[in-house]
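Structure below is upload39.txt: compact mmCIF, C-alpha atoms and all ligand atoms.
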# COMPACT_ATOMS: atom_id res chain seq x y z
CA MET Z 1 63.54 102.54 75.65
CA ALA Z 2 66.12 101.63 78.31
CA LEU Z 3 69.73 102.35 77.35
CA TRP Z 4 72.46 99.96 78.48
CA PHE Z 5 76.25 99.98 78.17
CA ASP Z 6 77.84 96.52 78.32
CA GLU Z 7 81.42 95.34 78.64
CA ILE Z 8 81.61 91.94 76.99
CA TYR Z 9 84.73 90.17 78.13
CA ASN Z 10 86.14 87.39 75.97
CA GLY Z 11 82.72 86.80 74.40
CA LYS Z 12 81.78 84.97 77.61
CA ILE Z 13 81.11 87.49 80.39
CA ARG Z 14 78.95 90.59 80.14
CA PHE Z 15 78.64 93.35 82.71
CA GLY Z 16 76.13 96.04 81.81
CA LEU Z 17 74.94 99.22 83.42
CA ARG Z 18 71.74 101.04 82.67
CA VAL Z 19 72.65 104.46 81.34
CA LYS Z 20 70.82 107.75 81.92
CA ARG Z 21 72.78 109.62 79.26
CA SER Z 22 76.02 109.69 77.35
CA LEU Z 23 78.33 112.53 78.41
CA PHE Z 24 81.15 111.94 75.94
CA GLN Z 25 81.76 109.64 73.02
CA GLY Z 26 84.95 109.97 71.01
CA LYS Z 27 87.82 108.23 69.31
CA SER Z 28 91.41 109.15 70.05
CA GLU Z 29 94.33 107.94 67.94
CA PHE Z 30 94.53 104.95 70.32
CA GLN Z 31 91.02 103.94 71.37
CA SER Z 32 87.35 104.71 71.75
CA VAL Z 33 86.56 106.81 74.82
CA ASP Z 34 83.14 106.93 76.51
CA VAL Z 35 81.84 108.61 79.62
CA VAL Z 36 78.28 107.72 80.60
CA GLU Z 37 76.05 108.63 83.48
CA THR Z 38 74.64 105.40 84.88
CA GLU Z 39 71.69 104.68 87.17
CA GLU Z 40 73.65 102.76 89.81
CA PHE Z 41 77.39 103.54 89.48
CA GLY Z 42 77.30 107.29 88.86
CA ARG Z 43 79.50 108.52 86.05
CA ALA Z 44 81.73 105.90 84.46
CA LEU Z 45 84.59 105.79 81.95
CA ALA Z 46 84.98 103.06 79.32
CA LEU Z 47 87.86 102.61 76.86
CA GLU Z 48 87.37 100.33 73.88
CA ASP Z 49 84.03 99.34 75.47
CA ALA Z 50 85.76 98.04 78.61
CA TRP Z 51 84.86 99.64 81.94
CA MET Z 52 87.78 101.54 83.48
CA THR Z 53 86.36 103.37 86.47
CA SER Z 54 83.16 104.64 88.02
CA GLU Z 55 82.23 107.12 90.72
CA ARG Z 56 80.72 104.31 92.77
CA ASP Z 57 83.77 102.09 93.16
CA GLU Z 58 86.78 104.13 92.02
CA ALA Z 59 88.00 104.47 95.61
CA HIS Z 60 88.37 100.69 95.93
CA TYR Z 61 90.72 100.68 92.97
CA HIS Z 62 92.66 103.88 93.48
CA GLU Z 63 93.17 103.63 97.23
CA MET Z 64 94.27 100.02 96.92
CA ILE Z 65 96.66 100.44 93.99
CA VAL Z 66 98.42 103.16 95.99
CA HIS Z 67 98.34 102.83 99.77
CA PRO Z 68 99.69 99.31 100.37
CA ALA Z 69 102.88 100.43 98.55
CA LEU Z 70 103.05 103.94 99.90
CA THR Z 71 102.66 102.78 103.49
CA SER Z 72 105.21 99.93 103.11
CA ALA Z 73 108.10 101.45 101.16
CA LYS Z 74 110.63 103.15 103.46
CA ARG Z 75 111.12 106.17 101.20
CA ILE Z 76 108.26 107.53 99.09
CA GLU Z 77 109.70 110.84 97.87
CA ARG Z 78 109.70 110.00 94.16
CA VAL Z 79 106.77 108.18 92.58
CA LEU Z 80 106.21 107.24 88.94
CA VAL Z 81 102.72 106.39 87.65
CA ILE Z 82 102.39 104.75 84.25
CA GLY Z 83 98.86 105.18 82.86
CA GLY Z 84 96.15 106.30 85.28
CA GLY Z 85 94.68 108.93 82.94
CA ASP Z 86 91.54 109.49 85.03
CA GLY Z 87 93.79 110.88 87.77
CA GLY Z 88 92.48 108.77 90.68
CA THR Z 89 95.86 107.14 91.27
CA VAL Z 90 97.88 110.36 91.42
CA ARG Z 91 95.21 111.88 93.67
CA GLU Z 92 95.85 109.11 96.21
CA VAL Z 93 99.65 109.33 95.84
CA LEU Z 94 99.52 113.07 96.53
CA ARG Z 95 97.70 112.49 99.82
CA HIS Z 96 101.05 111.44 101.29
CA PRO Z 97 102.94 114.53 102.47
CA GLU Z 98 106.25 112.59 102.24
CA VAL Z 99 105.85 112.50 98.44
CA LYS Z 100 107.93 115.25 96.82
CA HIS Z 101 107.63 114.43 93.13
CA VAL Z 102 105.11 112.42 91.07
CA ASN Z 103 105.61 111.82 87.38
CA MET Z 104 102.61 110.46 85.49
CA VAL Z 105 103.13 109.10 81.97
CA GLU Z 106 99.84 108.54 80.17
CA LEU Z 107 99.46 107.35 76.59
CA ASP Z 108 96.25 109.12 75.69
CA LYS Z 109 95.75 112.86 76.28
CA MET Z 110 92.08 112.55 75.38
CA VAL Z 111 91.49 110.38 78.47
CA VAL Z 112 92.94 113.03 80.78
CA ASP Z 113 91.05 115.88 79.09
CA VAL Z 114 87.74 114.02 79.09
CA CYS Z 115 88.08 112.93 82.73
CA LYS Z 116 88.97 116.47 83.84
CA GLU Z 117 85.76 117.68 82.24
CA HIS Z 118 83.32 114.87 82.98
CA LEU Z 119 84.56 113.29 86.21
CA PRO Z 120 84.97 116.36 88.48
CA SER Z 121 83.91 114.32 91.53
CA PHE Z 122 87.30 112.55 91.34
CA LYS Z 123 88.74 115.80 92.72
CA VAL Z 124 92.19 115.26 91.24
CA PRO Z 125 94.66 117.96 92.34
CA TRP Z 126 96.01 118.41 88.79
CA ASN Z 127 97.68 121.69 89.80
CA ASP Z 128 99.65 120.27 92.71
CA PRO Z 129 103.23 121.53 92.13
CA ARG Z 130 104.60 118.06 92.98
CA LEU Z 131 102.82 116.55 89.94
CA ASN Z 132 104.23 116.40 86.42
CA VAL Z 133 102.10 114.87 83.63
CA GLU Z 134 103.65 113.65 80.38
CA PHE Z 135 101.96 112.07 77.38
CA GLY Z 136 103.56 109.15 75.61
CA ASP Z 137 104.05 105.41 75.52
CA GLY Z 138 104.96 104.29 79.06
CA ILE Z 139 106.89 101.28 77.77
CA ALA Z 140 109.22 103.36 75.61
CA TRP Z 141 109.42 106.06 78.28
CA LEU Z 142 110.58 103.63 80.95
CA LYS Z 143 113.13 101.99 78.66
CA ASN Z 144 114.62 105.39 77.78
CA TYR Z 145 114.71 106.38 81.44
CA ALA Z 146 116.44 103.12 82.36
CA ASP Z 147 118.94 103.44 79.49
CA GLY Z 148 119.64 107.08 80.39
CA LYS Z 149 120.07 106.13 84.06
CA GLY Z 150 117.62 108.77 85.30
CA THR Z 151 117.26 109.45 89.06
CA PRO Z 152 115.64 106.31 90.49
CA TYR Z 153 112.08 106.23 91.81
CA ASP Z 154 111.02 104.91 95.20
CA VAL Z 155 107.72 103.56 93.92
CA ILE Z 156 106.45 102.76 90.42
CA ILE Z 157 102.71 102.19 89.91
CA ILE Z 158 101.36 100.62 86.73
CA ASP Z 159 97.73 101.72 86.29
CA GLY Z 160 97.29 100.39 82.78
CA SER Z 161 94.33 98.95 80.94
CA ASP Z 162 93.90 95.26 80.22
CA PRO Z 163 96.87 93.39 78.67
CA VAL Z 164 95.75 93.63 75.06
CA GLY Z 165 96.72 96.04 72.27
CA PRO Z 166 99.05 98.89 73.26
CA ALA Z 167 98.96 97.91 76.97
CA GLU Z 168 100.17 94.33 76.44
CA GLY Z 169 103.83 95.22 76.92
CA LEU Z 170 103.10 96.68 80.37
CA TYR Z 171 102.78 93.11 81.66
CA ALA Z 172 105.90 91.54 80.14
CA SER Z 173 109.45 90.82 81.29
CA PRO Z 174 111.31 93.51 79.29
CA PHE Z 175 109.09 96.17 80.84
CA TYR Z 176 109.62 94.83 84.38
CA GLU Z 177 113.38 94.70 83.80
CA SER Z 178 113.35 98.36 82.72
CA ALA Z 179 111.18 99.22 85.73
CA LYS Z 180 113.63 97.53 88.06
CA LYS Z 181 116.49 99.61 86.68
CA CYS Z 182 114.42 102.76 87.39
CA LEU Z 183 113.78 101.83 91.04
CA THR Z 184 115.98 102.32 94.09
CA PRO Z 185 117.23 99.00 95.56
CA GLU Z 186 114.55 99.36 98.28
CA GLY Z 187 111.94 100.33 95.71
CA VAL Z 188 108.47 98.89 95.17
CA LEU Z 189 106.51 98.27 91.97
CA VAL Z 190 102.73 97.81 92.02
CA SER Z 191 100.65 96.85 89.03
CA GLN Z 192 97.01 96.11 88.38
CA THR Z 193 97.06 92.41 87.50
CA GLU Z 194 93.53 91.48 86.32
CA SER Z 195 90.98 89.10 87.80
CA PRO Z 196 92.02 85.68 89.13
CA ILE Z 197 88.53 84.47 88.19
CA ALA Z 198 87.67 86.06 84.83
CA MET Z 199 91.26 86.23 83.54
CA ALA Z 200 92.90 83.45 85.56
CA GLU Z 201 95.56 82.68 82.95
CA ASP Z 202 96.57 86.31 82.46
CA PHE Z 203 96.62 86.85 86.21
CA ALA Z 204 98.87 83.84 86.91
CA ARG Z 205 101.17 84.58 83.99
CA ILE Z 206 101.68 88.20 85.07
CA VAL Z 207 102.42 87.32 88.72
CA LYS Z 208 104.87 84.61 87.64
CA THR Z 209 106.53 87.02 85.20
CA LEU Z 210 106.94 89.59 87.99
CA ARG Z 211 108.57 86.88 90.10
CA THR Z 212 111.29 86.42 87.51
CA SER Z 213 112.33 90.08 87.94
CA PHE Z 214 111.74 90.65 91.66
CA LYS Z 215 112.55 88.52 94.73
CA ARG Z 216 108.99 89.00 95.95
CA ALA Z 217 105.79 89.49 93.91
CA GLU Z 218 102.60 89.10 95.88
CA PRO Z 219 99.10 89.51 94.54
CA TYR Z 220 96.44 91.09 96.69
CA PHE Z 221 92.73 91.30 96.17
CA VAL Z 222 90.05 93.95 96.08
CA PRO Z 223 86.34 93.78 95.21
CA ILE Z 224 85.69 96.00 92.19
CA PRO Z 225 82.10 95.40 91.08
CA LEU Z 226 82.63 97.24 87.78
CA TYR Z 227 85.16 94.70 86.45
CA PRO Z 228 84.60 91.17 85.08
CA SER Z 229 83.77 88.82 88.00
CA GLY Z 230 84.13 91.67 90.54
CA MET Z 231 87.24 90.13 92.10
CA TRP Z 232 90.32 92.12 91.10
CA SER Z 233 94.02 91.85 91.83
CA PHE Z 234 97.00 94.11 92.19
CA SER Z 235 100.53 92.81 92.68
CA PHE Z 236 103.23 94.17 94.94
CA ALA Z 237 106.78 93.50 93.74
CA SER Z 238 110.03 94.32 95.50
CA ASP Z 239 113.43 92.86 96.32
CA HIS Z 240 113.47 94.00 99.93
CA VAL Z 241 110.10 95.35 101.07
CA ASP Z 242 107.43 93.18 102.72
CA PRO Z 243 103.94 94.72 102.33
CA ARG Z 244 102.90 93.24 105.68
CA ASN Z 245 105.44 95.45 107.48
CA PHE Z 246 103.74 98.72 106.73
CA ASP Z 247 104.11 101.98 108.61
CA GLU Z 248 101.14 101.97 111.01
CA ALA Z 249 101.20 105.73 111.56
CA ARG Z 250 101.25 106.51 107.85
CA ALA Z 251 98.43 104.03 107.23
CA ALA Z 252 96.34 105.37 110.13
CA ARG Z 253 96.64 108.88 108.74
CA ILE Z 254 95.41 107.78 105.29
CA GLU Z 255 92.64 105.68 106.83
CA THR Z 256 90.89 108.70 108.39
CA ASP Z 257 89.84 110.04 104.98
CA ALA Z 258 89.66 106.80 102.98
CA ARG Z 259 86.52 105.22 101.56
CA TYR Z 260 87.95 101.70 101.24
CA TYR Z 261 91.50 101.45 102.60
CA ASN Z 262 92.23 100.79 106.26
CA ARG Z 263 94.84 98.82 108.18
CA ASP Z 264 92.67 95.69 108.51
CA ILE Z 265 91.94 95.74 104.79
CA HIS Z 266 95.65 96.18 104.06
CA ARG Z 267 96.49 93.04 106.06
CA ALA Z 268 93.54 90.99 104.79
CA ALA Z 269 94.02 91.85 101.11
CA PHE Z 270 97.19 89.73 100.92
CA ALA Z 271 95.43 86.52 102.02
CA GLN Z 272 95.27 84.15 99.06
CA PRO Z 273 92.19 82.00 98.45
CA SER Z 274 93.12 78.34 97.92
CA PHE Z 275 92.29 78.45 94.20
CA VAL Z 276 94.77 81.33 93.80
CA GLN Z 277 97.50 79.43 95.65
CA LYS Z 278 96.90 76.56 93.26
CA LEU Z 279 96.95 78.81 90.19
CA LEU Z 280 100.30 80.22 91.26
CA ARG Z 281 101.80 76.82 92.07
CA SER Z 282 101.05 75.18 88.73
N1 LIG E 301 89.39 95.82 83.14
C1 LIG E 301 89.81 97.01 83.80
C2 LIG E 301 91.27 97.12 83.96
C3 LIG E 301 91.66 98.23 84.88
C4 LIG E 301 92.45 99.24 84.21
N2 LIG E 301 92.77 100.42 84.94
C5 LIG E 301 91.68 101.25 85.27
C6 LIG E 301 92.09 102.67 85.41
C7 LIG E 301 91.64 103.26 86.69
N3 LIG E 301 92.46 104.37 87.04
Can you present the structure in this file as structure tokens?
Amino acid sequence: MALWFDEIYNGKIRFGLRVKRSLFQGKSEFQSVDVVETEEFGRALALEDAWMTSERDEAHYHEMIVHPALTSAKRIERVLVIGGGDGGTVREVLRHPEVKHVNMVELDKMVVDVCKEHLPSFKVPWNDPRLNVEFGDGIAWLKNYADGKGTPYDVIIIDGSDPVGPAEGLYASPFYESAKKCLTPEGVLVSQTESPIAMAEDFARIVKTLRTSFKRAEPYFVPIPLYPSGMWSFSFASDHVDPRNFDEARAARIETDARYYNRDIHRAAFAQPSFVQKLLRS
């Protein structure tokens, strides 16, 4: 009998993959964790029955959550990643030789352990001396860092799961205000910001919330077939940095080994379909 694994979003959208075998099934203190080997998307990770990443399209997500920011910010020596337990985001950050220190704060140690074991094709350089991994609640961590006036970061990347349960606070004003205090004045924050089709209300609310904390908050778009509707957004927020003025040389260097990112994609990703412009106006 054929085995399928489905993400059912909102009781209204279902995206299923035919599964060859289950590689891991567990429950951490925060969530259910699954890794399955699928027929079409290679190995894939799901948390709470929602798809998080797959071998087939992880590069779309991880290259695009990282490189628009890391090619646009003037300084990229210190980078903070909240979430991102599969390691794809820090892998892309560490491709930039200008990066001297990356701190990753992930809620769930089980996710990191399981991905290390079952997603080796992600080739995450976990032992890179520039990388520090901490486990804990990113919301509390950032607030403490802001209150303690820790050394500011040049770039903060929010690679969280969907805005429900423990991740909800990663998409709210108090969190963005803490993040701003942890950034240099020329700093950049990037967050995954859901689908403008499948989660239009969440998407618009998050972008508008970012705009109350930063002078500029621009969504950009990436096809990610694994996620509801396949059209996904990230948002780039900063007081002083324009993502269209990126460093061509830095981008060209990344482009040579990228599966999805290139300079044309970087420019095109910030174009807003008319329905998005309307969503953000209302
Ligand atoms: N619905 C999926 C939301 C995306 C969450 N982040 C995925 C983690 C990939 N590193």
When distances are computed from all atoms listed in the file, which of Z:Gly11, Z:Gly88, Z:Pro120, Z:Pro196 shows the smallest separation from ligand LIG 301 (chain E)?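 Among Z:Gly11, Z:Gly88, Z:Pro120, Z:Pro196, it is Z:Gly88 that comes nearest to ligand LIG 301 (chain E).
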Dig up all the protein and nucleic acid residues within 12 Å of (102.7, 113.3, 98.6) in the file frame, using all atoms listed in the file, and format them as an MDAnalysis selection string. chainID Z and resid 66:67 70:71 75:80 89:103 125 128:131 155 250 254
What's the 7 Å shell around segment 163-179 of chain Z, counting only C-alpha atoms, without same-chain residues fewer than 6 positions away, as a PDB file with C-alpha atoms, in the coordinates of the input?
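Resulting contents of selection.pdb:
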ATOM      1  CA  ILE Z 139     106.890 101.280  77.770  1.00  0.00           C
ATOM      2  CA  LEU Z 142     110.580 103.630  80.950  1.00  0.00           C
ATOM      3  CA  LYS Z 143     113.130 101.990  78.660  1.00  0.00           C
ATOM      4  CA  ALA Z 146     116.440 103.120  82.360  1.00  0.00           C
ATOM      5  CA  ILE Z 206     101.680  88.200  85.070  1.00  0.00           C
ATOM      6  CA  THR Z 209     106.530  87.020  85.200  1.00  0.00           C
ATOM      7  CA  LEU Z 210     106.940  89.590  87.990  1.00  0.00           C
ATOM      8  CA  SER Z 213     112.330  90.080  87.940  1.00  0.00           C
TER       9      SER Z 213
END
Need the shell around Phe236 of chain Z: protein/DNA/RNA residues with any atom at most 9 Å away, counting all atoms listed in the file. Skip same-chain ones fewer than 2 positions apart. Format as a list in words? Pro68, Ala69, Val188, Leu189, Val190, Ser191, Arg216, Ala217, Glu218, Pro219, Tyr220, Phe234, Ser238, Asp242 and Pro243 of chain Z
Just the selected residues (C-alpha atoms), exported as a compact mmCIF listing (two decimals), keeping the file's coordinate frame, please.
# COMPACT_ATOMS: atom_id res chain seq x y z
CA PRO Z 68 99.69 99.31 100.37
CA ALA Z 69 102.88 100.43 98.55
CA VAL Z 188 108.47 98.89 95.17
CA LEU Z 189 106.51 98.27 91.97
CA VAL Z 190 102.73 97.81 92.02
CA SER Z 191 100.65 96.85 89.03
CA ARG Z 216 108.99 89.00 95.95
CA ALA Z 217 105.79 89.49 93.91
CA GLU Z 218 102.60 89.10 95.88
CA PRO Z 219 99.10 89.51 94.54
CA TYR Z 220 96.44 91.09 96.69
CA PHE Z 234 97.00 94.11 92.19
CA SER Z 238 110.03 94.32 95.50
CA ASP Z 242 107.43 93.18 102.72
CA PRO Z 243 103.94 94.72 102.33
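For the pair atom CA of Ala269 of chain Z and atom CA of Ala59 of chain Z, the interatomic distance is 15.0 Å.
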With only C-alpha atoms and all ligand atoms counted and 9 Å as the cut-off, give the residues of chain Z in contact with ligand LIG 301 (chain E), each with its shortest interatomic distance in Å and the pair that gives it, as CSV.
residue,atom,partner,partner_atom,distance
Z:Tyr9,CA,E:LIG301,N1,8.9
Z:Leu45,CA,E:LIG301,C6,8.8
Z:Ala46,CA,E:LIG301,C1,8.9
Z:Ala50,CA,E:LIG301,N1,6.2
Z:Trp51,CA,E:LIG301,C1,5.9
Z:Met52,CA,E:LIG301,C5,4.3
Z:Thr53,CA,E:LIG301,C7,5.3
Z:Ser54,CA,E:LIG301,C7,8.7
Z:Glu58,CA,E:LIG301,C7,7.3
Z:Tyr61,CA,E:LIG301,C7,6.9
Z:His62,CA,E:LIG301,N3,6.5
Z:Gly83,CA,E:LIG301,C6,7.7
Z:Gly84,CA,E:LIG301,N3,4.5
Z:Gly85,CA,E:LIG301,N3,6.5
Z:Asp86,CA,E:LIG301,N3,5.6
Z:Gly87,CA,E:LIG301,N3,6.7
Z:Gly88,CA,E:LIG301,N3,5.7
Z:Thr89,CA,E:LIG301,N3,6.1
Z:Ile158,CA,E:LIG301,N2,8.8
Z:Asp159,CA,E:LIG301,N2,5.3
Z:Gly160,CA,E:LIG301,N2,5.0
Z:Ser161,CA,E:LIG301,C4,3.8
Z:Asp162,CA,E:LIG301,C2,4.9
Z:Pro163,CA,E:LIG301,C2,8.6
Z:Gln192,CA,E:LIG301,C3,6.7
Z:Thr193,CA,E:LIG301,C2,8.3
Z:Glu194,CA,E:LIG301,C2,6.5
Z:Ser195,CA,E:LIG301,N1,8.3
Z:Leu226,CA,E:LIG301,C1,8.2
Z:Tyr227,CA,E:LIG301,N1,5.5
Z:Pro228,CA,E:LIG301,N1,7.0
Z:Trp232,CA,E:LIG301,C2,8.8
Straight-line distance linking atom CA of Ser274 of chain Z with atom CA of Met231 of chain Z, stated in Å to one decimal: 14.4 Å
Once you count only C-alpha atoms, which residues end up no further than 10 Å from (73.6, 107.9, 79.7) in the file's frame, shown as a PyMOL selection string? chain Z and resi 2-5+17-24+35-39+42-44
